[in-house]
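Trainee: Have a peek at final_37.pdb (PDB, C-alpha atoms).
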ATOM      1  CA  GLY V   1       0.000   0.000   0.000
ATOM      2  CA  ALA V   2       0.882   3.659  -0.235
ATOM      3  CA  VAL V   3       3.044   5.203   2.483
ATOM      4  CA  VAL V   4       2.222   8.451   4.249
ATOM      5  CA  SER V   5       4.604   9.953   6.783
ATOM      6  CA  GLN V   6       4.127  12.647   9.404
ATOM      7  CA  HIS V   7       6.590  14.760  11.325
ATOM      8  CA  PRO V   8       6.965  15.230  14.193
ATOM      9  CA  SER V   9       5.438  12.183  15.843
ATOM     10  CA  ARG V  10       5.134  13.970  19.154
ATOM     11  CA  VAL V  11       5.383  17.626  20.185
ATOM     12  CA  ILE V  12       5.035  19.435  23.484
ATOM     13  CA  CYS V  13       4.727  23.189  23.419
ATOM     14  CA  LYS V  14       3.805  26.105  25.631
ATOM     15  CA  SER V  15       0.463  27.820  25.387
ATOM     16  CA  GLY V  16       0.496  30.625  22.824
ATOM     17  CA  THR V  17       3.110  29.139  20.519
ATOM     18  CA  SER V  18       2.516  27.825  17.000
ATOM     19  CA  VAL V  19       3.231  24.283  15.904
ATOM     20  CA  LYS V  20       3.713  22.993  12.358
ATOM     21  CA  ILE V  21       2.968  19.381  11.403
ATOM     22  CA  GLU V  22       4.128  17.947   8.087
ATOM     23  CA  CYS V  23       2.389  15.227   6.078
ATOM     24  CA  ARG V  24       4.194  13.621   3.149
ATOM     25  CA  SER V  25       3.205  11.048   0.569
ATOM     26  CA  LEU V  26       6.377   9.024   0.103
ATOM     27  CA  ASP V  27       5.776   6.906  -2.978
ATOM     28  CA  PHE V  28       2.955   8.683  -4.787
ATOM     29  CA  GLN V  29       1.648  12.126  -5.586
ATOM     30  CA  ALA V  30      -1.399  13.441  -3.791
ATOM     31  CA  THR V  31      -3.391  16.381  -5.090
ATOM     32  CA  THR V  32      -5.673  16.008  -2.087
ATOM     33  CA  MET V  33      -4.822  15.215   1.507
ATOM     34  CA  PHE V  34      -7.021  15.160   4.571
ATOM     35  CA  TRP V  35      -6.428  16.241   8.167
ATOM     36  CA  TYR V  36      -8.194  14.544  11.068
ATOM     37  CA  ARG V  37      -8.178  15.044  14.819
ATOM     38  CA  GLN V  38      -8.735  12.337  17.402
ATOM     39  CA  PHE V  39      -9.340  12.916  21.098
ATOM     40  CA  PRO V  40      -8.628  10.106  23.595
ATOM     41  CA  LYS V  41     -11.045   7.180  23.395
ATOM     42  CA  GLN V  42     -12.899   8.846  20.526
ATOM     43  CA  SER V  43     -13.167   8.439  16.795
ATOM     44  CA  LEU V  44     -11.482  10.437  14.062
ATOM     45  CA  MET V  45     -13.075  13.714  13.025
ATOM     46  CA  LEU V  46     -12.280  15.290   9.670
ATOM     47  CA  MET V  47     -10.945  18.814  10.080
ATOM     48  CA  ALA V  48     -10.158  19.875   6.535
ATOM     49  CA  THR V  49      -9.370  18.857   2.997
ATOM     50  CA  SER V  50      -6.013  20.068   1.715
ATOM     51  CA  ASN V  51      -5.870  20.796  -2.014
ATOM     52  CA  GLU V  52      -2.572  21.189  -3.861
ATOM     53  CA  GLY V  53      -2.217  24.686  -5.242
ATOM     54  CA  SER V  54      -5.441  26.029  -3.786
ATOM     55  CA  LYS V  55      -7.091  26.862  -0.499
ATOM     56  CA  ALA V  56      -8.062  24.159   1.931
ATOM     57  CA  THR V  57     -11.708  23.472   2.627
ATOM     58  CA  TYR V  58     -12.623  23.269   6.299
ATOM     59  CA  GLU V  59     -15.351  21.287   7.999
ATOM     60  CA  GLN V  60     -18.052  23.120   9.877
ATOM     61  CA  GLY V  61     -16.858  24.326  13.257
ATOM     62  CA  VAL V  62     -13.132  24.208  12.435
ATOM     63  CA  GLU V  63     -11.446  27.614  12.662
ATOM     64  CA  LYS V  64      -9.473  28.248   9.484
ATOM     65  CA  ASP V  65      -7.380  30.969  11.139
ATOM     66  CA  LYS V  66      -6.502  28.606  13.966
ATOM     67  CA  PHE V  67      -5.552  25.641  11.818
ATOM     68  CA  LEU V  68      -3.599  26.877   8.802
ATOM     69  CA  ILE V  69      -3.161  24.386   5.989
ATOM     70  CA  ASN V  70      -0.698  24.700   3.129
ATOM     71  CA  HIS V  71      -0.385  22.175   0.299
ATOM     72  CA  ALA V  72       2.468  23.607  -1.731
ATOM     73  CA  SER V  73       3.542  20.458  -3.568
ATOM     74  CA  LEU V  74       2.101  17.137  -4.706
ATOM     75  CA  THR V  75       3.810  15.313  -1.837
ATOM     76  CA  LEU V  76       3.581  17.712   1.117
ATOM     77  CA  SER V  77       0.797  19.249   3.156
ATOM     78  CA  THR V  78       1.376  21.139   6.396
ATOM     79  CA  LEU V  79      -0.958  21.912   9.276
ATOM     80  CA  THR V  80      -0.002  24.807  11.550
ATOM     81  CA  VAL V  81      -1.783  25.133  14.858
ATOM     82  CA  THR V  82      -1.513  28.842  15.633
ATOM     83  CA  SER V  83      -1.463  30.244  19.166
ATOM     84  CA  ALA V  84      -1.989  26.784  20.590
ATOM     85  CA  HIS V  85      -3.932  26.338  23.826
ATOM     86  CA  PRO V  86      -4.370  23.291  26.062
ATOM     87  CA  GLU V  87      -7.720  22.478  24.429
ATOM     88  CA  ASP V  88      -5.845  21.988  21.133
ATOM     89  CA  SER V  89      -3.998  19.040  22.654
ATOM     90  CA  SER V  90      -4.961  16.059  20.541
ATOM     91  CA  PHE V  91      -3.785  13.413  18.078
ATOM     92  CA  TYR V  92      -3.591  14.829  14.551
ATOM     93  CA  ILE V  93      -3.597  12.414  11.606
ATOM     94  CA  CYS V  94      -3.297  13.068   7.883
ATOM     95  CA  SER V  95      -4.282  10.881   4.971
ATOM     96  CA  ALA V  96      -4.057  10.744   1.212
ATOM     97  CA  THR V  97      -6.051   8.897  -1.411
ATOM     98  CA  VAL V  98      -4.818   6.427  -3.985
ATOM     99  CA  ILE V  99      -7.526   5.370  -6.434
ATOM    100  CA  ASN V 100     -10.265   6.108  -3.889
ATOM    101  CA  GLU V 101      -8.601   4.242  -0.985
ATOM    102  CA  GLN V 102      -7.282   6.381   1.878
ATOM    103  CA  PHE V 103      -3.941   5.734   3.540
ATOM    104  CA  PHE V 104      -3.066   7.328   6.851
ATOM    105  CA  GLY V 105       0.062   8.745   8.377
ATOM    106  CA  PRO V 106       1.245   7.579  11.812
ATOM    107  CA  GLY V 107      -0.155  10.671  13.531
ATOM    108  CA  THR V 108       1.243  13.527  15.614
ATOM    109  CA  ARG V 109       0.491  13.772  19.303
ATOM    110  CA  LEU V 110       0.309  17.432  20.355
ATOM    111  CA  THR V 111       0.423  18.419  23.993
ATOM    112  CA  VAL V 112      -0.006  22.088  24.854
ATOM    113  CA  LEU V 113       1.048  23.045  28.381
TER     114      LEU V 113
ATOM    115  CA  GLY S   1     -24.044  13.705   5.756
ATOM    116  CA  ILE S   2     -23.659   9.961   5.943
ATOM    117  CA  GLN S   3     -24.016   8.255   9.326
ATOM    118  CA  VAL S   4     -21.793   5.306  10.225
ATOM    119  CA  GLU S   5     -22.620   3.069  13.173
ATOM    120  CA  GLN S   6     -20.545   0.202  14.479
ATOM    121  CA  SER S   7     -21.498  -2.617  16.806
ATOM    122  CA  PRO S   8     -20.823  -3.894  19.348
ATOM    123  CA  PRO S   9     -18.853  -1.050  20.962
ATOM    124  CA  ASP S  10     -16.722  -3.475  22.958
ATOM    125  CA  LEU S  11     -15.867  -7.118  22.428
ATOM    126  CA  ILE S  12     -13.900  -9.494  24.615
ATOM    127  CA  LEU S  13     -12.728 -12.791  23.175
ATOM    128  CA  GLN S  14     -10.733 -15.763  24.272
ATOM    129  CA  GLU S  15      -7.751 -16.462  22.050
ATOM    130  CA  GLY S  16      -8.760 -18.763  19.226
ATOM    131  CA  ALA S  17     -12.373 -17.597  19.062
ATOM    132  CA  ASN S  18     -14.061 -16.130  15.991
ATOM    133  CA  SER S  19     -15.862 -12.788  15.873
ATOM    134  CA  THR S  20     -18.002 -10.599  13.646
ATOM    135  CA  LEU S  21     -17.874  -6.814  13.719
ATOM    136  CA  ARG S  22     -20.690  -4.870  12.090
ATOM    137  CA  CYS S  23     -20.844  -1.500  10.339
ATOM    138  CA  ASN S  24     -24.119   0.094   9.232
ATOM    139  CA  PHE S  25     -24.197   3.160   7.011
ATOM    140  CA  SER S  26     -27.054   5.458   6.118
ATOM    141  CA  ASP S  27     -26.453   6.176   2.430
ATOM    142  CA  SER S  28     -25.056   4.721  -0.768
ATOM    143  CA  VAL S  29     -21.275   4.628  -0.591
ATOM    144  CA  ASN S  30     -18.436   4.756  -3.089
ATOM    145  CA  ASN S  31     -15.866   3.921  -0.438
ATOM    146  CA  LEU S  32     -16.029   1.671   2.600
ATOM    147  CA  GLN S  33     -12.856   0.884   4.506
ATOM    148  CA  TRP S  34     -11.996  -1.112   7.616
ATOM    149  CA  PHE S  35      -9.023  -0.112   9.758
ATOM    150  CA  HIS S  36      -7.246  -1.437  12.820
ATOM    151  CA  GLN S  37      -5.757   1.249  15.047
ATOM    152  CA  ASN S  38      -2.701  -0.063  16.852
ATOM    153  CA  PRO S  39      -1.660   1.002  20.374
ATOM    154  CA  TRP S  40       0.551   3.767  18.933
ATOM    155  CA  GLY S  41      -2.351   5.264  17.011
ATOM    156  CA  GLN S  42      -1.418   4.146  13.509
ATOM    157  CA  LEU S  43      -4.372   3.234  11.334
ATOM    158  CA  ILE S  44      -3.680  -0.006   9.486
ATOM    159  CA  ASN S  45      -5.684  -0.532   6.294
ATOM    160  CA  LEU S  46      -7.509  -3.848   6.486
ATOM    161  CA  PHE S  47      -9.959  -3.708   3.589
ATOM    162  CA  TYR S  48     -11.170  -1.330   0.918
ATOM    163  CA  ILE S  49     -14.573  -2.860   0.268
ATOM    164  CA  PRO S  50     -17.434  -0.685  -1.049
ATOM    165  CA  SER S  51     -19.135  -3.912  -2.139
ATOM    166  CA  GLY S  52     -18.552  -7.646  -2.288
ATOM    167  CA  THR S  53     -16.352  -9.960  -0.256
ATOM    168  CA  LYS S  54     -12.610 -10.041   0.332
ATOM    169  CA  GLN S  55     -10.322 -12.224   2.402
ATOM    170  CA  ASN S  56      -6.838 -11.664   3.765
ATOM    171  CA  GLY S  57      -5.538 -14.473   5.926
ATOM    172  CA  ARG S  58      -7.644 -14.797   9.076
ATOM    173  CA  LEU S  59      -9.610 -11.697   8.210
ATOM    174  CA  SER S  60     -12.438 -11.342   5.745
ATOM    175  CA  ALA S  61     -15.019  -8.678   5.014
ATOM    176  CA  THR S  62     -18.340  -8.458   3.250
ATOM    177  CA  THR S  63     -20.232  -5.353   2.220
ATOM    178  CA  VAL S  64     -23.863  -5.598   1.138
ATOM    179  CA  ALA S  65     -24.259  -2.176  -0.414
ATOM    180  CA  THR S  66     -27.967  -2.546  -1.166
ATOM    181  CA  GLU S  67     -28.680  -3.214   2.522
ATOM    182  CA  ARG S  68     -26.113  -0.674   3.741
ATOM    183  CA  TYR S  69     -23.965  -2.768   6.004
ATOM    184  CA  SER S  70     -20.526  -4.286   6.131
ATOM    185  CA  LEU S  71     -19.149  -7.100   8.269
ATOM    186  CA  LEU S  72     -15.589  -7.810   9.335
ATOM    187  CA  TYR S  73     -14.849 -11.399  10.319
ATOM    188  CA  ILE S  74     -11.895 -12.354  12.470
ATOM    189  CA  SER S  75     -11.184 -16.061  12.756
ATOM    190  CA  SER S  76      -8.912 -17.823  15.239
ATOM    191  CA  SER S  77      -8.300 -14.552  17.065
ATOM    192  CA  GLN S  78      -4.880 -13.785  18.534
ATOM    193  CA  THR S  79      -3.846 -11.393  21.284
ATOM    194  CA  THR S  80      -2.226  -9.205  18.639
ATOM    195  CA  ASP S  81      -5.677  -8.629  17.132
ATOM    196  CA  SER S  82      -6.545  -6.486  20.154
ATOM    197  CA  GLY S  83      -7.167  -2.811  19.505
ATOM    198  CA  VAL S  84      -9.775  -0.561  17.981
ATOM    199  CA  TYR S  85     -11.425  -1.396  14.675
ATOM    200  CA  PHE S  86     -12.893   1.444  12.654
ATOM    201  CA  CYS S  87     -15.228   1.404   9.727
ATOM    202  CA  ALA S  88     -15.304   4.521   7.540
ATOM    203  CA  ALA S  89     -17.377   5.416   4.510
ATOM    204  CA  SER S  90     -17.723   8.151   1.937
ATOM    205  CA  THR S  91     -20.281   9.157  -0.644
ATOM    206  CA  GLY S  92     -19.958  11.311  -3.727
ATOM    207  CA  ALA S  93     -16.794  12.460  -5.408
ATOM    208  CA  ASN S  94     -15.019  14.245  -2.583
ATOM    209  CA  SER S  95     -13.589  11.108  -0.879
ATOM    210  CA  LYS S  96     -14.215  12.551   2.600
ATOM    211  CA  LEU S  97     -14.414   9.640   5.024
ATOM    212  CA  THR S  98     -16.886   9.541   7.903
ATOM    213  CA  PHE S  99     -15.758   7.240  10.689
ATOM    214  CA  GLY S 100     -17.827   5.121  13.004
ATOM    215  CA  LYS S 101     -17.099   5.275  16.739
ATOM    216  CA  GLY S 102     -15.003   2.150  16.600
ATOM    217  CA  ILE S 103     -15.127  -1.295  18.207
ATOM    218  CA  THR S 104     -12.648  -2.036  20.985
ATOM    219  CA  LEU S 105     -11.548  -5.660  20.765
ATOM    220  CA  SER S 106      -9.704  -7.383  23.589
ATOM    221  CA  VAL S 107      -8.370 -10.868  22.959
ATOM    222  CA  ARG S 108      -7.333 -12.671  26.130
ATOM    223  CA  PRO S 109      -4.739 -15.450  26.208
TER     224      PRO S 109
END
Starting from the file, lay out its structure as structure tokens.
Mentor:
Amino acid sequence: GAVVSQHPSRVICKSGTSVKIECRSLDFQATTMFWYRQFPKQSLMLMATSNEGSKATYEQGVEKDKFLINHASLTLSTLTVTSAHPEDSSFYICSATVINEQFFGPGTRLTVL
Amino acid sequence: GIQVEQSPPDLILQEGANSTLRCNFSDSVNNLQWFHQNPWGQLINLFYIPSGTKQNGRLSATTVATERYSLLYISSSQTTDSGVYFCAASTGANSKLTFGKGITLSVRP
């Protein structure tokens, strides 16, 4: 199957700082990538769809100014959590589609102190 | 949007037992996937199965699209099968997956 990587795997930051998470498709090109968030013991919730060369589309209730998405190349999408607060602490996972099947990165665990 | 429901929410098995995990969805789908989330959070693709039946070793899955459900079968369960199993589905052309709440499987030695 297709391989998706994420970096970093874990990050701890102070409240008020910004954190950037990278998502890469390693062996294929992805014009579209997806960003999900998962709280402990809960399911995955789609945050936004990242489109190469154009603006991301955000799900209802997700603040676009809080979660900045950039998809500058066919193999890289980045999610920046701006002015992070403790309530932003979560597990962030990206995915990309290959012929309609989605493959997921290993996730990034964000802890905001 | 599409609703995805999984049952049962929790399942405890003795090693060697068989099990069936169910996923109901509320609309016609063009994508239906089963995943196993390991203890480190990685989602492992088990099946891409918008319709029909597939088998991979001890695992098999069946999706009956006309009746809007999918089943994941685990035979001769092992302790390494423990974890959370998610079903996710999408409709239309945008490929956005909606996840069920997951089924937590515990296989005891």
Trainee: Can you list what the PyMOL selection byres ((chain V) within 7 of (chain S)) grabs from this structure, as a list in words?
Mentor: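 In the shown coordinates, the PyMOL selection byres ((chain V) within 7 of (chain S)) covers Gln42, Ser43, Leu44, Asn100, Glu101, Phe104, Pro106 and Gly107 of chain V.
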Trainee: Dump C-alpha atoms for the selected residues as a PDB file, in the coordinates of the input?
Mentor:
ATOM      1  CA  GLN V  42     -12.899   8.846  20.526  1.00  0.00           C
ATOM      2  CA  SER V  43     -13.167   8.439  16.795  1.00  0.00           C
ATOM      3  CA  LEU V  44     -11.482  10.437  14.062  1.00  0.00           C
ATOM      4  CA  ASN V 100     -10.265   6.108  -3.889  1.00  0.00           C
ATOM      5  CA  GLU V 101      -8.601   4.242  -0.985  1.00  0.00           C
ATOM      6  CA  PHE V 104      -3.066   7.328   6.851  1.00  0.00           C
ATOM      7  CA  PRO V 106       1.245   7.579  11.812  1.00  0.00           C
ATOM      8  CA  GLY V 107      -0.155  10.671  13.531  1.00  0.00           C
TER       9      GLY V 107
END
Trainee: Calculated over only C-alpha atoms, which of the candidates S:Glu67, S:Ala89, S:Leu72, S:Glu5 has the smallest distance to S:Asn18?
Mentor: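 The answer is S:Leu72, which sits nearest to S:Asn18.
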Trainee: Give me the residues near V:Leu26 as a list in words, where near means some atom within 8 Å (using only C-alpha atoms) and where sequence neighbours in that chain fewer than 2 positions away do not count.
Mentor: Ala2, Val3, Val4, Ser5, Arg24, Phe28 and Thr75 of chain V
Trainee: Given the file shown, determine the residues that the PyMOL selection byres ((chain V and resi 38-40) around 8) selects; report them as a list in words.
Mentor: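 Checked against the file, the PyMOL selection byres ((chain V and resi 38-40) around 8) matches Tyr36, Arg37, Lys41, Gln42, Ser43, Leu44, Met45, Ser90, Phe91, Tyr92 and Ile93 of chain V.
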Trainee: Suppose a student applies the PyMOL selection byres ((chain V and resi 55) around 12) to this structure; what residues should they get, written as a PDB file with C-alpha atoms, in the coordinates of the input?
Mentor:
ATOM      1  CA  THR V  32      -5.673  16.008  -2.087  1.00  0.00           C
ATOM      2  CA  ALA V  48     -10.158  19.875   6.535  1.00  0.00           C
ATOM      3  CA  THR V  49      -9.370  18.857   2.997  1.00  0.00           C
ATOM      4  CA  SER V  50      -6.013  20.068   1.715  1.00  0.00           C
ATOM      5  CA  ASN V  51      -5.870  20.796  -2.014  1.00  0.00           C
ATOM      6  CA  GLU V  52      -2.572  21.189  -3.861  1.00  0.00           C
ATOM      7  CA  GLY V  53      -2.217  24.686  -5.242  1.00  0.00           C
ATOM      8  CA  SER V  54      -5.441  26.029  -3.786  1.00  0.00           C
ATOM      9  CA  ALA V  56      -8.062  24.159   1.931  1.00  0.00           C
ATOM     10  CA  THR V  57     -11.708  23.472   2.627  1.00  0.00           C
ATOM     11  CA  TYR V  58     -12.623  23.269   6.299  1.00  0.00           C
ATOM     12  CA  LYS V  64      -9.473  28.248   9.484  1.00  0.00           C
ATOM     13  CA  LEU V  68      -3.599  26.877   8.802  1.00  0.00           C
ATOM     14  CA  ILE V  69      -3.161  24.386   5.989  1.00  0.00           C
ATOM     15  CA  ASN V  70      -0.698  24.700   3.129  1.00  0.00           C
ATOM     16  CA  HIS V  71      -0.385  22.175   0.299  1.00  0.00           C
ATOM     17  CA  ALA V  72       2.468  23.607  -1.731  1.00  0.00           C
ATOM     18  CA  SER V  77       0.797  19.249   3.156  1.00  0.00           C
TER      19      SER V  77
END
Trainee: By how many Å are atom CA of V:Glu63 and atom CA of S:Cys87 apart?
Mentor: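 Pair atom CA of V:Glu63 / atom CA of S:Cys87 returns 26.6 Å.
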Trainee: Please measure the separation of atom CA of V:Thr108 and atom CA of S:His36, giving the value in Å to one decimal.
Mentor: 17.4 Å
Trainee: Mind listing as an NGL selection string all residues within 10 Å of (-2.4, -22.7, 16.7), counting all atoms listed in the file?
Mentor: :S and (15-16 or 76 or 78)
Trainee: Atom CA of S:Ser106 and atom CA of S:Asp81, how far apart in Å?
Mentor: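 Separation of atom CA of S:Asp81 and atom CA of S:Ser106: 7.7 Å.
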Trainee: Which residue, S:Trp34, S:Pro50, S:Pro109, S:Pro9, has the smallest gap to S:Thr66 when you use only C-alpha atoms?
Mentor: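 Distance minimum relative to S:Thr66 lands on S:Pro50.
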